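Trainee: Quick one, input.cif (mmCIF, C-alpha atoms):
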data_data
#
loop_
_atom_site.label_atom_id
_atom_site.label_comp_id
_atom_site.auth_asym_id
_atom_site.auth_seq_id
_atom_site.Cartn_x
_atom_site.Cartn_y
_atom_site.Cartn_z
CA MET A 225 -64.74 -91.73 -107.59
CA GLY A 226 -62.96 -94.04 -105.11
CA VAL A 227 -63.85 -97.45 -103.84
CA THR A 228 -67.08 -97.62 -101.85
CA ILE A 229 -66.08 -98.40 -98.28
CA LEU A 230 -69.50 -98.47 -96.66
CA ASP A 231 -72.90 -98.68 -98.27
CA VAL A 232 -76.26 -98.90 -96.54
CA ASP A 233 -79.18 -99.36 -98.88
CA SER A 234 -82.88 -98.79 -98.18
CA ALA A 235 -82.84 -99.21 -94.40
CA ARG A 236 -86.19 -99.29 -92.66
CA LYS A 237 -86.83 -98.94 -88.95
CA SER A 238 -89.90 -98.34 -86.77
CA PHE A 239 -90.30 -97.63 -83.08
CA GLY A 240 -93.62 -98.53 -81.51
CA GLY A 241 -95.46 -98.49 -84.82
CA ARG A 242 -93.95 -95.17 -85.90
CA GLU A 243 -91.80 -95.57 -88.96
CA VAL A 244 -88.65 -93.49 -88.39
CA LEU A 245 -86.72 -94.67 -91.44
CA HIS A 246 -87.97 -95.95 -94.75
CA ALA A 247 -85.63 -96.42 -97.67
CA ALA A 248 -82.79 -94.53 -95.98
CA SER A 249 -79.44 -95.00 -97.71
CA ILE A 250 -75.94 -93.76 -97.07
CA TRP A 251 -72.53 -94.45 -98.49
CA VAL A 252 -68.98 -93.24 -98.32
CA HIS A 253 -66.02 -93.67 -100.64
CA GLU A 254 -62.37 -94.18 -99.83
CA GLY A 255 -60.65 -90.92 -98.93
CA LYS A 256 -63.96 -89.03 -98.67
CA ILE A 257 -66.14 -87.59 -95.95
CA THR A 258 -69.92 -87.79 -96.20
CA SER A 259 -71.95 -85.36 -94.09
CA LEU A 260 -75.38 -86.61 -93.11
CA LEU A 261 -77.56 -83.61 -92.39
CA GLY A 262 -81.12 -83.26 -91.23
CA ARG A 263 -83.33 -81.78 -88.55
CA ASN A 264 -83.56 -83.12 -85.01
CA GLY A 265 -85.38 -86.43 -84.81
CA CYS A 266 -85.20 -87.12 -88.54
CA GLY A 267 -83.39 -90.43 -87.93
CA LYS A 268 -79.70 -89.65 -88.46
CA THR A 269 -78.57 -91.33 -85.25
CA THR A 270 -80.94 -94.23 -85.84
CA LEU A 271 -79.33 -94.84 -89.23
CA LEU A 272 -75.83 -94.73 -87.73
CA ARG A 273 -76.89 -97.07 -84.93
CA ILE A 274 -78.14 -99.49 -87.57
CA VAL A 275 -74.79 -99.32 -89.35
CA THR A 276 -72.92 -100.14 -86.13
CA GLY A 277 -75.30 -102.89 -85.06
CA GLU A 278 -76.75 -101.10 -82.04
CA LEU A 279 -80.16 -101.31 -83.71
CA ARG A 280 -81.46 -103.83 -86.16
CA ALA A 281 -83.08 -102.65 -89.39
CA GLU A 282 -86.35 -104.23 -90.46
CA ALA A 283 -85.26 -104.10 -94.09
CA GLY A 284 -82.30 -103.02 -96.18
CA SER A 285 -78.73 -104.11 -96.58
CA MET A 286 -75.34 -103.06 -95.24
CA ARG A 287 -72.05 -103.60 -97.03
CA PHE A 288 -68.67 -102.78 -95.52
CA LEU A 289 -65.45 -103.24 -97.50
CA GLY A 290 -67.36 -105.26 -100.08
CA GLU A 291 -68.81 -107.68 -97.55
CA TYR A 292 -72.52 -107.84 -96.70
CA HIS A 293 -73.37 -107.83 -93.00
CA GLU A 294 -76.85 -109.13 -92.39
CA ARG A 295 -76.56 -108.51 -88.67
CA PRO A 296 -73.75 -106.01 -88.09
CA ARG A 297 -71.88 -106.10 -84.78
CA LEU A 298 -69.55 -103.26 -83.90
CA HIS A 299 -66.74 -105.36 -82.41
CA ILE A 300 -66.60 -107.49 -85.57
CA LEU A 301 -66.76 -104.45 -87.86
CA ALA A 302 -64.06 -102.82 -85.70
CA ARG A 303 -61.71 -105.73 -86.34
CA ARG A 304 -62.19 -105.05 -90.05
CA GLY A 305 -61.43 -101.36 -89.67
CA LEU A 306 -64.58 -99.49 -88.68
CA ALA A 307 -64.66 -97.10 -85.72
CA TYR A 308 -67.73 -95.50 -84.17
CA LEU A 309 -67.90 -92.25 -82.27
CA PRO A 310 -71.37 -92.20 -80.67
CA ALA A 311 -73.17 -89.00 -79.76
CA ARG A 312 -73.08 -90.14 -76.15
CA GLU A 313 -69.95 -90.34 -74.03
CA LEU A 314 -67.52 -93.01 -75.14
CA LEU A 315 -64.50 -93.23 -72.87
CA PRO A 316 -64.15 -95.09 -69.55
CA TYR A 317 -64.59 -92.37 -66.96
CA ASN A 318 -61.81 -93.39 -64.56
CA ILE A 319 -58.82 -94.20 -66.77
CA PRO A 320 -56.25 -91.47 -67.53
CA LEU A 321 -56.16 -90.27 -71.14
CA ARG A 322 -52.55 -91.45 -71.43
CA GLU A 323 -53.67 -95.06 -70.90
CA ILE A 324 -56.74 -94.70 -73.11
CA PHE A 325 -54.64 -93.36 -75.98
CA ALA A 326 -52.08 -96.13 -75.45
CA LEU A 327 -54.89 -98.68 -75.74
CA CYS A 328 -56.12 -97.11 -78.98
CA SER A 329 -52.73 -96.54 -80.63
CA TRP A 330 -50.92 -98.90 -82.93
CA PRO A 331 -47.43 -99.81 -81.69
CA ASP A 332 -45.69 -98.34 -84.71
CA ARG A 333 -47.70 -95.12 -84.76
CA PRO A 334 -47.23 -92.77 -81.81
CA SER A 335 -50.27 -90.91 -80.54
CA ALA A 336 -48.34 -87.77 -79.65
CA PRO A 337 -48.83 -85.73 -82.87
CA MET A 338 -52.61 -86.04 -82.88
CA VAL A 339 -52.87 -85.54 -79.12
CA GLU A 340 -50.76 -82.41 -79.50
CA GLU A 341 -52.77 -81.12 -82.44
CA LEU A 342 -56.09 -81.57 -80.67
CA GLY A 343 -54.75 -79.67 -77.65
CA LEU A 344 -54.82 -82.64 -75.30
CA ALA A 345 -51.14 -82.99 -74.38
CA HIS A 346 -51.54 -81.21 -71.03
CA LEU A 347 -54.49 -83.41 -70.09
CA LEU A 348 -52.86 -86.82 -70.44
CA ASP A 349 -52.82 -87.50 -66.70
CA HIS A 350 -56.46 -86.56 -66.27
CA THR A 351 -59.39 -88.97 -66.43
CA PRO A 352 -62.40 -88.28 -68.69
CA ASP A 353 -64.60 -87.33 -65.75
CA GLU A 354 -62.19 -84.46 -64.97
CA LEU A 355 -62.48 -82.89 -68.44
CA SER A 356 -64.80 -80.19 -69.75
CA GLY A 357 -67.36 -81.12 -72.40
CA GLY A 358 -65.22 -79.82 -75.27
CA GLU A 359 -62.03 -81.44 -73.98
CA LEU A 360 -63.83 -84.73 -73.54
CA ARG A 361 -65.21 -84.62 -77.08
CA ARG A 362 -61.76 -83.89 -78.52
CA ALA A 363 -60.34 -86.79 -76.48
CA GLU A 364 -63.07 -89.07 -77.84
CA VAL A 365 -62.34 -88.02 -81.41
CA ALA A 366 -58.61 -88.59 -80.83
CA SER A 367 -59.24 -92.06 -79.41
CA VAL A 368 -61.22 -93.26 -82.44
CA LEU A 369 -58.82 -91.70 -84.96
CA LEU A 370 -55.83 -93.29 -83.20
CA LEU A 371 -57.38 -96.65 -84.09
CA GLN A 372 -56.62 -95.68 -87.71
CA PRO A 373 -59.91 -97.00 -89.04
CA SER A 374 -60.59 -97.39 -92.73
CA CYS A 375 -64.04 -95.98 -91.98
CA LEU A 376 -65.10 -93.67 -89.18
CA ILE A 377 -68.75 -93.20 -88.19
CA ALA A 378 -68.91 -90.00 -86.16
CA ASP A 379 -72.18 -88.90 -84.60
CA GLU A 380 -71.93 -85.22 -83.72
CA PRO A 381 -68.13 -84.94 -83.53
CA PHE A 382 -68.33 -81.16 -83.11
CA ARG A 383 -70.71 -81.33 -80.14
CA GLY A 384 -69.58 -79.00 -77.35
CA ILE A 385 -66.36 -77.97 -79.08
CA ALA A 386 -65.42 -74.29 -79.23
CA PRO A 387 -65.49 -72.74 -82.74
CA ALA A 388 -61.69 -72.30 -82.88
CA ASP A 389 -61.16 -75.93 -81.92
CA CYS A 390 -63.70 -77.01 -84.55
CA ASP A 391 -61.30 -75.72 -87.21
CA LEU A 392 -58.59 -77.93 -85.69
CA LEU A 393 -60.93 -80.89 -85.81
CA ILE A 394 -61.85 -80.20 -89.43
CA ALA A 395 -58.15 -80.13 -90.31
CA VAL A 396 -57.57 -83.44 -88.51
CA LEU A 397 -60.53 -85.09 -90.25
CA ARG A 398 -59.47 -83.75 -93.65
CA ARG A 399 -55.97 -85.14 -93.14
CA TYR A 400 -57.48 -88.49 -92.14
CA ALA A 401 -59.46 -88.50 -95.41
CA ALA A 402 -56.41 -87.43 -97.41
CA SER A 403 -54.58 -90.48 -96.05
CA GLY A 404 -57.32 -92.73 -97.50
CA GLY A 405 -59.76 -92.88 -94.60
CA ALA A 406 -63.51 -92.61 -95.13
CA ALA A 407 -65.90 -90.97 -92.69
CA ILE A 408 -69.59 -90.39 -92.21
CA VAL A 409 -70.31 -87.48 -89.91
CA THR A 410 -73.53 -86.00 -88.58
CA GLY A 411 -74.22 -82.86 -86.62
CA HIS A 412 -76.03 -79.56 -86.52
CA GLU A 413 -73.08 -77.19 -86.94
CA LYS A 414 -73.98 -76.38 -90.56
CA ALA A 415 -70.85 -74.45 -91.49
CA HIS A 416 -68.50 -77.06 -90.01
CA MET A 417 -70.45 -79.97 -91.44
CA LEU A 418 -70.23 -78.46 -94.92
CA ALA A 419 -66.59 -77.46 -94.50
CA VAL A 420 -65.51 -80.98 -93.61
CA ALA A 421 -67.56 -82.78 -96.29
CA ASP A 422 -66.90 -84.07 -99.78
CA ASP A 423 -70.50 -85.24 -100.19
CA VAL A 424 -73.70 -84.18 -98.49
CA ILE A 425 -76.65 -86.45 -97.86
CA TRP A 426 -79.86 -84.86 -96.63
CA MET A 427 -82.17 -86.86 -94.41
CA HIS A 428 -85.81 -85.85 -94.31
CA ASP A 429 -89.15 -87.59 -93.88
CA GLY A 430 -87.41 -90.86 -92.98
CA THR A 431 -85.50 -91.06 -96.21
CA THR A 432 -82.24 -89.75 -97.63
CA GLU A 433 -81.37 -87.67 -100.64
CA TYR A 434 -77.97 -86.97 -102.11
CA VAL A 435 -77.61 -83.23 -102.57
CA GLY A 436 -74.09 -83.20 -103.98
CA ALA A 437 -70.81 -81.69 -102.93
CA PRO A 438 -71.04 -78.85 -100.38
CA GLY A 439 -70.87 -76.24 -103.15
CA ASP A 440 -73.88 -77.81 -104.86
CA ALA A 441 -75.73 -78.47 -101.60
CA VAL A 442 -75.85 -74.80 -100.62
CA LEU A 443 -77.55 -74.05 -103.95
CA HIS A 444 -79.95 -77.02 -103.84
CA ASP A 445 -83.49 -75.76 -104.45
CA ARG A 446 -85.10 -77.77 -101.62
CA PHE A 447 -82.22 -78.50 -99.22
CA ARG A 448 -81.26 -74.83 -98.93
CA PRO A 449 -84.64 -73.45 -97.77
CA ALA A 450 -85.65 -76.54 -95.79
CA TYR A 451 -82.43 -77.12 -93.86
CA LEU A 452 -79.97 -74.28 -94.28
CA GLY A 453 -82.68 -71.63 -93.97
CA MET B 1443 -63.19 -104.16 -65.15
CA LEU B 1444 -61.65 -106.87 -63.00
CA ARG B 1445 -61.70 -104.50 -60.05
CA ARG B 1446 -65.40 -103.79 -60.53
CA GLY B 1447 -66.08 -107.51 -60.79
CA ILE B 1448 -64.43 -108.00 -57.41
CA LEU B 1449 -66.26 -105.02 -55.92
CA LEU B 1450 -69.59 -106.46 -57.04
CA TYR B 1451 -68.74 -109.77 -55.44
CA PRO B 1452 -69.85 -109.14 -51.81
CA LEU B 1453 -73.13 -107.61 -53.01
CA VAL B 1454 -74.00 -110.57 -55.20
CA ARG B 1455 -72.95 -113.04 -52.54
CA MET B 1456 -75.26 -111.38 -50.02
CA VAL B 1457 -78.17 -111.65 -52.46
CA ILE B 1458 -77.38 -115.32 -53.02
CA LEU B 1459 -77.32 -116.02 -49.29
CA LEU B 1460 -80.71 -114.37 -48.92
CA VAL B 1461 -82.12 -116.36 -51.84
CA GLN B 1462 -80.66 -119.52 -50.35
CA GLY B 1463 -82.32 -118.68 -47.05
CA PHE B 1464 -85.70 -118.27 -48.77
CA GLY B 1465 -85.04 -121.41 -50.81
CA ALA B 1466 -84.34 -123.42 -47.70
CA ALA B 1467 -87.47 -122.06 -46.02
CA ILE B 1468 -89.59 -122.85 -49.05
CA SER B 1469 -88.08 -126.29 -49.61
CA THR B 1470 -89.14 -127.50 -46.17
CA GLY B 1471 -92.79 -127.20 -47.20
CA ALA B 1472 -92.30 -127.53 -50.94
CA PRO B 1473 -94.22 -130.05 -53.02
CA GLU B 1474 -92.31 -133.16 -54.05
CA GLY B 1475 -90.03 -132.53 -57.03
CA LEU B 1476 -89.00 -129.08 -55.92
CA ARG B 1477 -85.65 -128.78 -54.20
CA ALA B 1478 -83.30 -126.14 -52.93
CA PRO B 1479 -80.34 -125.45 -55.24
CA SER B 1480 -77.27 -127.53 -54.57
CA LEU B 1481 -74.22 -125.85 -53.14
CA LEU B 1482 -72.46 -126.14 -56.48
CA GLU B 1483 -75.31 -124.56 -58.45
CA ALA B 1484 -75.79 -121.77 -55.98
CA HIS B 1485 -72.17 -120.78 -55.65
CA VAL B 1486 -69.97 -121.69 -58.56
CA ILE B 1487 -72.60 -121.09 -61.24
CA THR B 1488 -75.06 -118.52 -59.97
CA VAL B 1489 -72.68 -116.03 -58.37
CA PRO B 1490 -70.43 -115.51 -61.42
CA VAL B 1491 -73.44 -115.33 -63.74
CA LEU B 1492 -75.05 -112.65 -61.61
CA ILE B 1493 -71.79 -110.74 -61.34
CA ALA B 1494 -71.36 -110.89 -65.10
CA ALA B 1495 -74.92 -109.62 -65.64
CA LEU B 1496 -74.46 -106.76 -63.21
CA GLY B 1497 -71.06 -105.93 -64.67
CA TRP B 1498 -72.44 -105.90 -68.18
CA LEU B 1499 -75.28 -103.59 -67.14
CA ASP B 1500 -72.80 -101.31 -65.40
CA LEU B 1501 -70.61 -101.06 -68.50
CA TYR B 1502 -73.62 -100.67 -70.78
CA ARG B 1503 -75.01 -97.87 -68.67
CA ARG B 1504 -71.74 -95.99 -69.01
CA ASP B 1505 -71.42 -96.72 -72.74
CA GLU B 1506 -68.02 -98.30 -72.14
CA VAL B 1507 -69.27 -101.28 -74.11
CA MET B 1508 -68.97 -99.10 -77.19
CA PHE B 1509 -65.37 -98.18 -76.35
CA LEU B 1510 -64.43 -101.84 -75.97
CA ALA B 1511 -66.30 -102.74 -79.16
CA ASN B 1512 -64.23 -100.13 -81.02
CA LEU B 1513 -61.19 -102.07 -79.84
CA GLY B 1514 -62.72 -105.23 -81.31
CA ILE B 1515 -63.74 -106.64 -77.92
CA GLY B 1516 -67.20 -108.19 -77.86
CA MET B 1517 -69.48 -109.25 -75.06
CA ARG B 1518 -68.06 -112.71 -74.31
CA PRO B 1519 -64.59 -111.71 -73.06
CA ILE B 1520 -66.11 -108.97 -70.93
CA ILE B 1521 -68.48 -111.40 -69.27
CA ALA B 1522 -65.64 -113.88 -68.84
CA LEU B 1523 -63.53 -111.24 -67.12
CA TYR B 1524 -66.30 -110.58 -64.64
CA CYS B 1525 -66.86 -114.28 -64.05
CA VAL B 1526 -63.27 -115.40 -63.59
CA PRO B 1527 -62.57 -113.86 -60.15
CA ALA B 1528 -65.94 -114.98 -58.82
CA VAL B 1529 -65.43 -118.54 -60.03
CA PHE B 1530 -62.05 -118.75 -58.28
CA ILE B 1531 -63.29 -117.24 -55.03
CA GLU B 1532 -66.38 -119.45 -54.92
CA ALA B 1533 -64.41 -122.58 -55.74
CA ALA B 1534 -61.90 -121.73 -52.99
CA LEU B 1535 -64.75 -121.22 -50.52
CA LEU B 1536 -66.27 -124.58 -51.44
CA VAL B 1537 -62.95 -126.37 -50.97
CA TRP B 1538 -62.51 -124.62 -47.63
CA GLN B 1539 -66.02 -125.62 -46.50
CA TRP B 1540 -65.52 -129.27 -47.47
CA ALA B 1541 -62.02 -129.53 -46.01
#
Now that the file is in, can you turn its structure into structure tokens?

Mentor:
Amino acid sequence: MGVTILDVDSARKSFGGREVLHAASIWVHEGKITSLLGRNGCGKTTLLRIVTGELRAEAGSMRFLGEYHERPRLHILARRGLAYLPARELLPYNIPLREIFALCSWPDRPSAPMVEELGLAHLLDHTPDELSGGELRRAEVASVLLLQPSCLIADEPFRGIAPADCDLLIAVLRRYAASGGAAIVTGHEKAHMLAVADDVIWMHDGTTEYVGAPGDAVLHDRFRPAYLG
Amino acid sequence: MLRRGILLYPLVRMVILLVQGFGAAISTGAPEGLRAPSLLEAHVITVPVLIAALGWLDLYRRDEVMFLANLGIGMRPIIALYCVPAVFIEAALLVWQWA
């Protein structure tokens, strides 16, 4: 097992008196991808928003690269190597993709191979508001991966992407993990979420449960009937 | 961002002029101790602060704040970028008025 890159322990969060999360934990190791799965409204996005500092947990701890962050802030975490792909739209709507990718790329690492692989090369002169939903999502994924984060938090990366393109995205994410990157992904595309994962964490009733590697998860006596159906 | 800051400028300035108008009207019959804002407070401080607030809300609404945060850019430089053009324009106007 590799080094733990990110570790959230026993997070608790309520909205208007309703406890959404209690004792929710998640972690990811270097070179691995953790899939966080659960039904709509179970608190997956809330947990990710706590990790990135968009929301503040009422209890629990967050450790990134061995350092505790009592009050996480995304721009500070980003400087240490974390990138966040929110479920909502991410990119400035009126800047051409070419400029966005240039902003996100490191000088010594060209963006062209990933842009090519994700089928975005012909769209470089277009702005995000001119793209289809699937194209936009692929552009958003490309922009966060071009940052070369040590940890990627991706909320619904497969949202709106055609099945054939999902396979491309899985390949890109697997290569990112193979190069040492760590990622936590959520989503409802069960087959893709299992295909991309090394570890599966199941969120239910405001808490989380490790259900193993994808091969074990599909045989899990409670996860299988409750989530996979 | 800078462009939006400049675009917001006339709007905010109009609001300030209206507030100043009300302030002046109120101050004529105001109890002792209350006063209309000085020219400096009203222009060089209030206008950039309002522009920064509006700019921040505009970015937040579009989730661009998250994009900038991914680049390691926090709230302070964004607000500063919105403020800078307004500060220069207001300062220039003040100098022109006093000259």

Trainee: Per residue of chain B within 8 Å of chain A, what are the shortest atom pair and its distance in Å to one decimal, counting all atoms listed in the file, with rows by chain and residue number, as a Markdown table?

Mentor:
| residue | atom | partner | partner_atom | distance |
| --- | --- | --- | --- | --- |
| B:Arg1504 | CA | A:Pro316 | CA | 7.7 |
| B:Asp1505 | CA | A:Leu314 | CA | 5.9 |
| B:Glu1506 | CA | A:Pro316 | CA | 5.7 |
| B:Met1508 | CA | A:Leu314 | CA | 6.6 |
| B:Phe1509 | CA | A:Leu314 | CA | 5.7 |
| B:Leu1510 | CA | A:His299 | CA | 7.7 |
| B:Ala1511 | CA | A:His299 | CA | 4.2 |
| B:Asn1512 | CA | A:Ala302 | CA | 5.4 |
| B:Leu1513 | CA | A:Ala302 | CA | 6.6 |
| B:Gly1514 | CA | A:His299 | CA | 4.2 |
| B:Ile1515 | CA | A:His299 | CA | 5.5 |
| B:Gly1516 | CA | A:His299 | CA | 5.4 |

Trainee: In Å, with one decimal, what is the gap from CA of Ser259 (chain A) to CA of Ser329 (chain A)?

Mentor: 26.0 Å

Trainee: Which residues match the PyMOL selection byres ((chain A and resi 419) around 12) in the file above, as a PyMOL selection string?

Mentor: chain A and resi 257-259+390-395+397-398+409+413-418+420-424+437-439+441-442

Trainee: Once the PyMOL selection byres ((chain A and resi 382-386) around 9) has been applied to the shown file, what residues remain in the selection, as an mmCIF file with C-alpha atoms, keeping the file's coordinate frame?

Mentor:
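For reference, out_24.cif as written:
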data_model
loop_
_atom_site.group_PDB
_atom_site.id
_atom_site.type_symbol
_atom_site.label_atom_id
_atom_site.label_comp_id
_atom_site.auth_asym_id
_atom_site.auth_seq_id
_atom_site.Cartn_x
_atom_site.Cartn_y
_atom_site.Cartn_z
ATOM 1 C CA ALA A 311 -73.170 -89.000 -79.760
ATOM 2 C CA GLY A 357 -67.360 -81.120 -72.400
ATOM 3 C CA GLY A 358 -65.220 -79.820 -75.270
ATOM 4 C CA GLU A 359 -62.030 -81.440 -73.980
ATOM 5 C CA LEU A 360 -63.830 -84.730 -73.540
ATOM 6 C CA ARG A 361 -65.210 -84.620 -77.080
ATOM 7 C CA ARG A 362 -61.760 -83.890 -78.520
ATOM 8 C CA ASP A 379 -72.180 -88.900 -84.600
ATOM 9 C CA GLU A 380 -71.930 -85.220 -83.720
ATOM 10 C CA PRO A 381 -68.130 -84.940 -83.530
ATOM 11 C CA PRO A 387 -65.490 -72.740 -82.740
ATOM 12 C CA ALA A 388 -61.690 -72.300 -82.880
ATOM 13 C CA ASP A 389 -61.160 -75.930 -81.920
ATOM 14 C CA CYS A 390 -63.700 -77.010 -84.550
ATOM 15 C CA LEU A 393 -60.930 -80.890 -85.810
ATOM 16 C CA THR A 410 -73.530 -86.000 -88.580
ATOM 17 C CA GLY A 411 -74.220 -82.860 -86.620
ATOM 18 C CA HIS A 412 -76.030 -79.560 -86.520
ATOM 19 C CA GLU A 413 -73.080 -77.190 -86.940
ATOM 20 C CA HIS A 416 -68.500 -77.060 -90.010
ATOM 21 C CA MET A 417 -70.450 -79.970 -91.440
#

Trainee: Using the chain letters and numbering of this document, enumerate as a PyMOL selection string the residues selected by the PyMOL selection byres ((chain A and resi 228) around 12).

Mentor: chain A and resi 225-227+229-232+250-258+286-291+374-375+404-407

Trainee: Calculated over all atoms listed in the file, which of the candidates A:Phe239, A:Asp332, A:Val396, A:Arg280 has the smallest distance to Val365 (chain A)?

Mentor: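 Smallest distance to Val365 (chain A) is found for A:Val396.
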
Trainee: Please, what distance in Å, to one decimal, runs between CA of Ala248 (chain A) and CA of Gly284 (chain A)?

Mentor: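 Computing it gives 8.5 Å between the two atoms.
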
Trainee: Please put the answer as lines of an AutoDock Vina configuration file: centre and edge lengths, in Å with one decimal, of a box along x, y and z that encloses all listed atoms of region 276-295 of chain A plus 4 Å on each side.

Mentor:
center_x = -75.9
center_y = -104.6
center_z = -91.1
size_x = 28.9
size_y = 17.0
size_z = 26.0

Trainee: Taking N, CA and C atoms as the atom set, what does region 1514-1533 of chain B look like once completed, written as a compact mmCIF listing (two decimals), keeping the file's coordinate frame?

Mentor:
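And here's part.txt as it stands now:
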# COMPACT_ATOMS: atom_id res chain seq x y z
N GLY B 1514 -62.51 -103.88 -80.79
CA GLY B 1514 -62.72 -105.23 -81.31
C GLY B 1514 -63.06 -106.24 -80.22
N ILE B 1515 -63.42 -105.73 -79.04
CA ILE B 1515 -63.74 -106.64 -77.92
C ILE B 1515 -65.25 -106.75 -77.79
N GLY B 1516 -65.75 -107.96 -77.93
CA GLY B 1516 -67.20 -108.19 -77.86
C GLY B 1516 -67.65 -108.51 -76.45
N MET B 1517 -68.86 -109.04 -76.36
CA MET B 1517 -69.48 -109.25 -75.06
C MET B 1517 -68.87 -110.41 -74.29
N ARG B 1518 -68.49 -111.48 -75.00
CA ARG B 1518 -68.06 -112.71 -74.31
C ARG B 1518 -66.82 -112.52 -73.43
N PRO B 1519 -65.75 -111.89 -73.95
CA PRO B 1519 -64.59 -111.71 -73.06
C PRO B 1519 -64.88 -110.82 -71.87
N ILE B 1520 -65.78 -109.86 -72.06
CA ILE B 1520 -66.11 -108.97 -70.93
C ILE B 1520 -66.80 -109.77 -69.84
N ILE B 1521 -67.77 -110.58 -70.25
CA ILE B 1521 -68.48 -111.40 -69.27
C ILE B 1521 -67.50 -112.37 -68.60
N ALA B 1522 -66.61 -112.93 -69.40
CA ALA B 1522 -65.64 -113.88 -68.84
C ALA B 1522 -64.77 -113.20 -67.79
N LEU B 1523 -64.38 -111.96 -68.07
CA LEU B 1523 -63.53 -111.24 -67.12
C LEU B 1523 -64.25 -111.02 -65.79
N TYR B 1524 -65.54 -110.75 -65.87
CA TYR B 1524 -66.30 -110.58 -64.64
C TYR B 1524 -66.45 -111.90 -63.91
N CYS B 1525 -66.61 -112.97 -64.66
CA CYS B 1525 -66.86 -114.28 -64.05
C CYS B 1525 -65.62 -114.87 -63.39
N VAL B 1526 -64.47 -114.67 -64.01
CA VAL B 1526 -63.27 -115.40 -63.59
C VAL B 1526 -62.96 -115.22 -62.09
N PRO B 1527 -62.90 -113.97 -61.58
CA PRO B 1527 -62.57 -113.86 -60.15
C PRO B 1527 -63.62 -114.53 -59.26
N ALA B 1528 -64.87 -114.39 -59.64
CA ALA B 1528 -65.94 -114.98 -58.82
C ALA B 1528 -65.85 -116.50 -58.82
N VAL B 1529 -65.55 -117.08 -59.95
CA VAL B 1529 -65.43 -118.54 -60.03
C VAL B 1529 -64.32 -119.02 -59.09
N PHE B 1530 -63.18 -118.34 -59.12
CA PHE B 1530 -62.05 -118.75 -58.28
C PHE B 1530 -62.38 -118.60 -56.79
N ILE B 1531 -62.98 -117.47 -56.45
CA ILE B 1531 -63.29 -117.24 -55.03
C ILE B 1531 -64.30 -118.27 -54.53
N GLU B 1532 -65.34 -118.50 -55.34
CA GLU B 1532 -66.38 -119.45 -54.92
C GLU B 1532 -65.82 -120.87 -54.82
N ALA B 1533 -64.99 -121.24 -55.78
CA ALA B 1533 -64.41 -122.58 -55.74
C ALA B 1533 -63.53 -122.74 -54.50
